[in-house]
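Dumped target.cif below, it's mmCIF, C-alpha atoms:
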```cif
data_my_file
#
loop_
_atom_site.label_atom_id
_atom_site.label_comp_id
_atom_site.auth_asym_id
_atom_site.auth_seq_id
_atom_site.Cartn_x
_atom_site.Cartn_y
_atom_site.Cartn_z
CA MET A 1 111.47 89.97 123.46
CA ILE A 2 114.43 90.22 125.85
CA ILE A 3 112.80 93.12 127.73
CA GLN A 4 109.52 91.19 127.90
CA GLN A 5 111.16 88.08 129.31
CA THR A 6 113.28 90.16 131.71
CA LEU A 7 110.13 91.66 133.23
CA ASN A 8 108.63 88.18 133.59
CA ALA A 9 111.83 86.89 135.17
CA LEU A 10 111.96 89.74 137.70
CA SER A 11 108.46 88.83 138.86
CA LEU A 12 109.16 85.10 139.18
CA GLY A 13 112.57 85.68 140.75
CA SER A 14 111.00 88.00 143.33
CA MET A 15 108.70 85.24 144.55
CA TYR A 16 111.56 82.76 144.84
CA ALA A 17 113.67 85.37 146.63
CA LEU A 18 111.03 86.10 149.27
CA ILE A 19 110.60 82.44 150.13
CA ALA A 20 114.35 81.71 149.98
CA ILE A 21 115.07 84.47 152.52
CA GLY A 22 112.93 82.65 155.07
CA TYR A 23 114.82 79.41 154.44
CA THR A 24 118.18 81.09 154.87
CA MET A 25 117.25 82.98 158.06
CA VAL A 26 116.05 79.83 159.83
CA TYR A 27 119.13 77.95 158.69
CA GLY A 28 121.33 80.77 159.87
CA VAL A 29 120.21 80.51 163.49
CA LEU A 30 119.38 76.80 163.85
CA ARG A 31 121.29 75.04 161.04
CA LEU A 32 117.88 73.60 160.15
CA ILE A 33 116.33 73.25 156.69
CA ASN A 34 112.68 74.00 157.43
CA PHE A 35 110.99 71.93 154.74
CA ALA A 36 107.60 73.11 156.02
CA HIS A 37 108.46 76.61 154.78
CA GLY A 38 106.89 76.08 151.35
CA ASP A 39 103.65 74.97 153.00
CA ILE A 40 103.60 78.12 155.12
CA MET A 41 103.57 79.93 151.79
CA MET A 42 100.44 77.92 150.97
CA VAL A 43 98.90 78.87 154.33
CA GLY A 44 99.42 82.55 153.47
CA ALA A 45 97.76 82.17 150.07
CA PHE A 46 94.72 80.35 151.49
CA SER A 47 94.40 82.87 154.33
CA ALA A 48 94.28 85.73 151.84
CA PHE A 49 91.81 83.76 149.69
CA VAL A 50 89.37 83.22 152.57
CA THR A 51 89.70 86.73 154.03
CA TYR A 52 89.19 88.47 150.68
CA ALA A 53 86.13 86.33 149.96
CA ALA A 54 84.68 87.15 153.39
CA THR A 55 85.47 90.88 153.61
CA GLY A 56 86.08 92.12 150.07
CA SER A 57 89.14 94.05 151.29
CA PHE A 58 92.37 92.89 149.65
CA SER A 59 94.53 95.01 151.97
CA LEU A 60 92.97 93.35 155.00
CA ALA A 61 93.38 89.96 153.31
CA VAL A 62 97.12 90.58 152.91
CA LEU A 63 97.52 91.66 156.54
CA VAL A 64 95.57 88.65 157.82
CA ALA A 65 97.58 86.31 155.60
CA LEU A 66 100.89 87.67 156.90
CA PHE A 67 99.64 87.37 160.48
CA ILE A 68 98.41 83.79 160.09
CA ALA A 69 101.58 82.74 158.25
CA SER A 70 103.67 84.28 161.05
CA ILE A 71 101.64 82.51 163.74
CA THR A 72 101.95 79.23 161.84
CA GLY A 73 105.72 79.62 161.68
CA MET A 74 105.92 80.49 165.38
CA LEU A 75 103.76 77.51 166.40
CA THR A 76 105.83 75.24 164.18
CA TYR A 77 108.91 76.23 166.13
CA LYS A 78 107.27 76.10 169.57
CA ILE A 79 105.45 72.78 169.09
CA ALA A 80 107.63 70.82 166.66
CA TYR A 81 111.21 72.07 166.84
CA LYS A 82 111.82 73.57 170.29
CA PRO A 83 111.18 70.34 172.27
CA LEU A 84 113.77 68.56 170.12
CA LEU A 85 116.25 71.42 170.42
CA ASP A 86 115.84 71.44 174.22
CA LYS A 87 116.72 67.74 174.26
CA ASP A 88 119.67 68.33 171.92
CA ALA A 89 118.19 65.86 169.45
CA PRO A 90 120.18 64.86 166.34
CA LYS A 91 119.78 67.07 163.28
CA ILE A 92 118.15 64.20 161.40
CA SER A 93 115.33 64.23 163.96
CA LEU A 94 114.68 67.90 163.24
CA LEU A 95 114.75 67.23 159.50
CA ILE A 96 112.22 64.40 159.80
CA THR A 97 110.04 66.60 162.00
CA ALA A 98 110.13 69.37 159.39
CA ILE A 99 108.93 66.92 156.74
CA GLY A 100 106.21 65.74 159.14
CA VAL A 101 105.00 69.32 159.71
CA SER A 102 104.90 69.77 155.93
CA PHE A 103 102.69 66.70 155.49
CA PHE A 104 100.47 67.81 158.38
CA LEU A 105 99.80 71.25 156.86
CA GLU A 106 99.16 69.80 153.40
CA ASN A 107 96.67 67.24 154.69
CA LEU A 108 95.01 69.72 157.06
CA PHE A 109 94.28 72.15 154.24
CA ASN A 110 93.30 69.30 151.94
CA MET A 111 90.71 68.31 154.55
CA LEU A 112 89.51 71.91 155.02
CA PHE A 113 89.39 73.03 151.37
CA GLY A 114 89.61 69.85 149.31
CA GLY A 115 92.22 68.92 146.74
CA VAL A 116 90.60 70.69 143.79
CA PRO A 117 92.46 73.92 142.88
CA LYS A 118 90.62 77.11 143.79
CA ALA A 119 90.55 80.26 141.66
CA PHE A 120 92.34 83.05 143.53
CA ASN A 121 90.46 86.34 143.25
CA TYR A 122 92.20 89.70 143.53
CA PRO A 123 91.46 93.34 142.54
CA SER A 124 91.33 93.88 138.81
CA PHE A 125 93.85 96.76 138.86
CA PHE A 126 96.62 94.16 139.26
CA ASP A 127 95.87 93.08 135.67
CA LYS A 128 96.35 96.57 134.24
CA LEU A 129 98.80 96.37 131.35
CA ILE A 130 102.02 98.40 131.39
CA HIS A 131 103.85 99.15 128.13
CA PHE A 132 107.61 99.40 128.48
CA PHE A 133 109.90 99.82 125.42
CA GLY A 134 107.69 97.62 123.30
CA ALA A 135 107.16 95.01 126.01
CA VAL A 136 103.87 94.50 127.80
CA THR A 137 103.53 93.36 131.39
CA SER A 138 100.89 93.49 134.08
CA LEU A 139 100.97 95.97 136.93
CA SER A 140 101.21 93.04 139.35
CA SER A 141 104.66 92.09 138.00
CA ILE A 142 105.98 95.61 138.68
CA ILE A 143 104.41 95.72 142.15
CA ILE A 144 105.83 92.31 143.07
CA PHE A 145 109.37 93.35 142.13
CA ILE A 146 109.19 96.72 143.91
CA ILE A 147 107.79 95.22 147.11
CA THR A 148 110.41 92.45 147.06
CA PHE A 149 113.19 95.03 146.72
CA ILE A 150 111.78 97.08 149.62
CA VAL A 151 111.36 93.98 151.80
CA LEU A 152 114.91 92.81 151.07
CA LEU A 153 116.28 96.23 151.95
CA ALA A 154 114.19 96.31 155.15
CA VAL A 155 115.43 92.87 156.24
CA LEU A 156 119.06 93.82 155.63
CA LEU A 157 118.64 97.09 157.55
CA PHE A 158 116.94 95.21 160.39
CA LEU A 159 119.75 92.66 160.64
CA ASN A 160 122.56 95.19 160.41
CA LYS A 161 121.23 98.32 162.12
CA THR A 162 118.88 97.22 164.93
CA LYS A 163 119.58 95.73 168.33
CA TYR A 164 117.48 92.64 167.67
CA GLY A 165 118.96 92.16 164.21
CA ILE A 166 122.54 92.29 165.51
CA ALA A 167 121.57 89.83 168.26
CA ILE A 168 120.18 87.45 165.62
CA LYS A 169 123.46 87.69 163.70
CA ALA A 170 125.29 86.91 166.93
CA ILE A 171 123.16 83.78 167.42
CA ALA A 172 124.00 82.71 163.88
CA PHE A 173 127.68 83.03 164.76
CA ASP A 174 127.73 81.40 168.22
CA MET A 175 124.48 80.63 170.04
CA ASN A 176 126.07 79.32 173.25
CA THR A 177 128.11 82.49 173.82
CA VAL A 178 125.00 84.60 173.23
CA LYS A 179 123.15 82.60 175.89
CA LEU A 180 125.97 83.22 178.37
CA MET A 181 125.57 86.96 177.76
CA GLY A 182 122.00 86.82 179.08
CA ILE A 183 120.25 87.37 175.75
CA ASN A 184 116.84 85.71 175.32
CA VAL A 185 117.76 83.38 172.48
CA ASP A 186 114.35 81.70 172.35
CA PHE A 187 112.61 85.04 171.72
CA LEU A 188 115.01 85.87 168.89
CA ILE A 189 114.53 82.48 167.24
CA ILE A 190 110.76 83.00 167.40
CA LEU A 191 111.29 86.43 165.81
CA VAL A 192 113.25 84.80 162.97
CA PHE A 193 110.43 82.31 162.36
CA ILE A 194 107.86 85.12 162.40
CA ILE A 195 109.77 87.22 159.87
CA GLY A 196 110.63 84.28 157.62
CA SER A 197 107.07 82.93 157.70
CA ALA A 198 105.60 86.37 156.93
CA LEU A 199 107.87 86.60 153.88
CA ALA A 200 106.73 83.12 152.79
CA GLY A 201 103.10 84.18 153.19
CA LEU A 202 103.75 87.29 151.08
CA GLY A 203 105.44 85.11 148.46
CA GLY A 204 102.37 82.86 148.46
CA ILE A 205 100.09 85.84 147.76
CA PHE A 206 102.34 87.01 144.94
CA TYR A 207 102.42 83.49 143.48
CA ALA A 208 98.62 83.26 143.66
CA ILE A 209 98.27 86.61 141.86
CA SER A 210 100.69 85.55 139.11
CA TYR A 211 99.22 82.05 138.75
CA PRO A 212 95.66 82.58 140.06
CA SER A 213 95.00 79.06 141.26
CA ILE A 214 95.75 77.68 144.73
CA ASP A 215 95.70 74.18 146.19
CA PRO A 216 97.09 72.48 149.33
CA LEU A 217 100.14 71.18 147.46
CA MET A 218 101.09 74.46 145.79
CA GLY A 219 103.99 75.05 148.16
CA VAL A 220 105.80 71.76 147.63
CA LEU A 221 107.60 72.40 144.35
CA VAL A 222 107.91 76.16 144.88
CA GLY A 223 109.39 75.54 148.33
CA LEU A 224 111.96 73.12 146.97
CA LYS A 225 112.91 75.60 144.25
CA ALA A 226 113.30 78.36 146.84
CA PHE A 227 115.50 76.04 148.89
CA ALA A 228 117.65 75.44 145.81
CA ALA A 229 117.82 79.21 145.31
CA ALA A 230 118.97 79.70 148.92
CA VAL A 231 121.74 77.10 148.46
CA LEU A 232 122.71 78.62 145.12
CA GLY A 233 123.10 82.07 146.65
CA GLY A 234 124.80 80.79 149.79
CA ILE A 235 122.46 79.50 152.47
CA GLY A 236 122.81 81.61 155.56
CA SER A 237 123.10 84.82 153.52
CA VAL A 238 119.99 86.97 153.07
CA SER A 239 121.38 88.81 150.06
CA GLY A 240 122.65 85.51 148.66
CA ALA A 241 119.16 83.99 148.92
CA ALA A 242 117.73 86.94 147.01
CA ILE A 243 120.41 86.65 144.31
CA GLY A 244 119.78 82.91 144.03
CA GLY A 245 116.04 83.51 143.68
CA PHE A 246 116.54 85.96 140.83
CA ILE A 247 119.06 83.69 139.08
CA LEU A 248 116.58 80.85 139.26
CA GLY A 249 113.72 83.03 137.99
CA PHE A 250 115.79 84.34 135.06
CA SER A 251 116.99 80.83 134.19
CA GLU A 252 113.49 79.36 134.08
CA ILE A 253 111.99 82.18 132.04
CA PHE A 254 114.80 82.49 129.50
CA VAL A 255 115.20 78.74 128.98
CA VAL A 256 111.49 78.44 128.18
CA ALA A 257 111.60 81.57 125.98
CA PHE A 258 114.62 80.61 123.88
CA PHE A 259 114.38 76.81 124.03
CA PRO A 260 110.63 76.06 123.93
CA ASP A 261 111.29 72.39 123.13
CA VAL A 262 112.58 71.85 126.68
CA ALA A 263 109.84 73.86 128.37
CA GLY A 264 108.51 70.69 129.97
CA TYR A 265 111.76 70.32 131.90
CA LYS A 266 111.84 73.86 133.34
CA ASP A 267 111.14 72.60 136.88
CA ALA A 268 114.34 70.57 136.74
CA ILE A 269 116.48 73.70 136.29
CA ALA A 270 116.46 74.53 140.01
CA PHE A 271 117.73 71.10 140.92
CA PHE A 272 120.29 71.14 138.12
CA PHE A 273 121.71 74.33 139.63
CA LEU A 274 121.57 72.76 143.09
CA ILE A 275 123.67 69.80 141.91
CA LEU A 276 126.21 72.07 140.22
CA VAL A 277 126.57 74.24 143.31
CA LEU A 278 127.03 71.27 145.61
CA LEU A 279 129.62 69.81 143.25
CA PHE A 280 131.74 72.86 142.49
CA LYS A 281 131.01 75.57 145.09
CA PRO A 282 129.15 74.18 148.13
CA THR A 283 129.31 77.55 149.90
CA GLY A 284 127.19 79.20 147.20
CA ILE A 285 127.67 82.46 145.33
CA MET A 286 128.10 84.58 148.47
CA GLY A 287 130.67 82.17 149.89
CA ILE A 288 128.89 81.41 153.18
CA ASP A 289 130.55 78.70 155.26
CA PHE A 290 127.99 76.03 156.15
CA GLU A 291 129.62 75.53 159.55
CA ARG A 292 129.87 79.23 160.33
CA SER A 293 126.88 80.61 158.49
CA ARG A 294 126.27 84.32 158.97
CA PHE A 295 123.72 86.77 157.63
#
```

Reformat the file's structure so that it appears as structure tokens.
Amino acid sequence: MIIQQTLNALSLGSMYALIAIGYTMVYGVLRLINFAHGDIMMVGAFSAFVTYAATGSFSLAVLVALFIASITGMLTYKIAYKPLLDKDAPKISLLITAIGVSFFLENLFNMLFGGVPKAFNYPSFFDKLIHFFGAVTSLSSIIIFIITFIVLLAVLLFLNKTKYGIAIKAIAFDMNTVKLMGINVDFLIILVFIIGSALAGLGGIFYAISYPSIDPLMGVLVGLKAFAAAVLGGIGSVSGAAIGGFILGFSEIFVVAFFPDVAGYKDAIAFFFLILVLLFKPTGIMGIDFERSRF
């Protein structure tokens, strides 16, 4: 039973980790909690849904979903956030704008697709059962975990070993000094939104495969949980966000498995952890300073 629940937790934690990384990257450079991030996950899921229905190619559907999610994230920055940043608007203005973008995306997709949940179709090989030391899991759970691990490693290598990644880390440390050095800060912020939004779109596809039903509000609760995971791990830390996502996934799965009487309260676990972290260790597990957040 423990092996079975561990496999389930790895799959759920992977989805939270992917979305939490996007939260933490945007916060790292702008000190902004992008509450529209969960809805960008929804955009990715719907994009894959439409493309797969139209073309029958799941690989193409994934690529299109990542592209559209990235473009959505970039436009969100260019249209909603950048004008406020250029005017040096208060942080509360950016926060309200992020909530407004979230409502806009939810209502736009509600108008386009309706509020009734849609069945998410995907290739049948994802449902192939894998037997592992007496436990049984689907192939999709293994694929989700492996891809998440590869993506996390790729993001860390990008941030630590490439010119653009090091420049992004420099922005997270001191944006004004980076501007004085002649670096195109706006381009790098757009790059952060593109990467973070693509990860959210991928997380949306994984979520839709695991729970094959999508609707315009699917990203609200998942996005809030991913935000809690980012804070738990240390918002501003990519590895911390991943750790927080897995902790949250393990907590939800094992609480439901061993305490079925409280299964109805599993969604409250993320926020319980969030309260504990803010009370006893506001910097999160990885010890990131909120005022000097670094990747």

ask   = In file coordinates, which residues lie within 12 Å of (100.2, 69.0, 151.4) using all atoms listed in the file, given as number ranges by chain?
value = A: 35-43, 99-115, 214-221, 223

request  = Starting from the displayed file, determine the output of the PyMOL selection byres ((chain A and resi 211) around 12) and express the residue list as number ranges by chain.
outcome  = A: 11-12, 15, 45, 117-122, 127, 140-141, 203-210, 212-215, 218

task = Could you tell me how far CA of Ala20 in chain A lies from CA of Leu60 in chain A, in Å and to one decimal?
result = 24.9 Å

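The space separating CA of Ile168 in chain A from CA of Leu188 in chain A comes to 6.3 Å.
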
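Counting only C-alpha atoms, the residue from A:Val151, A:Ile68, A:Ala53, A:Ala17 that sits nearest to Ser197 in chain A is A:Ile68.
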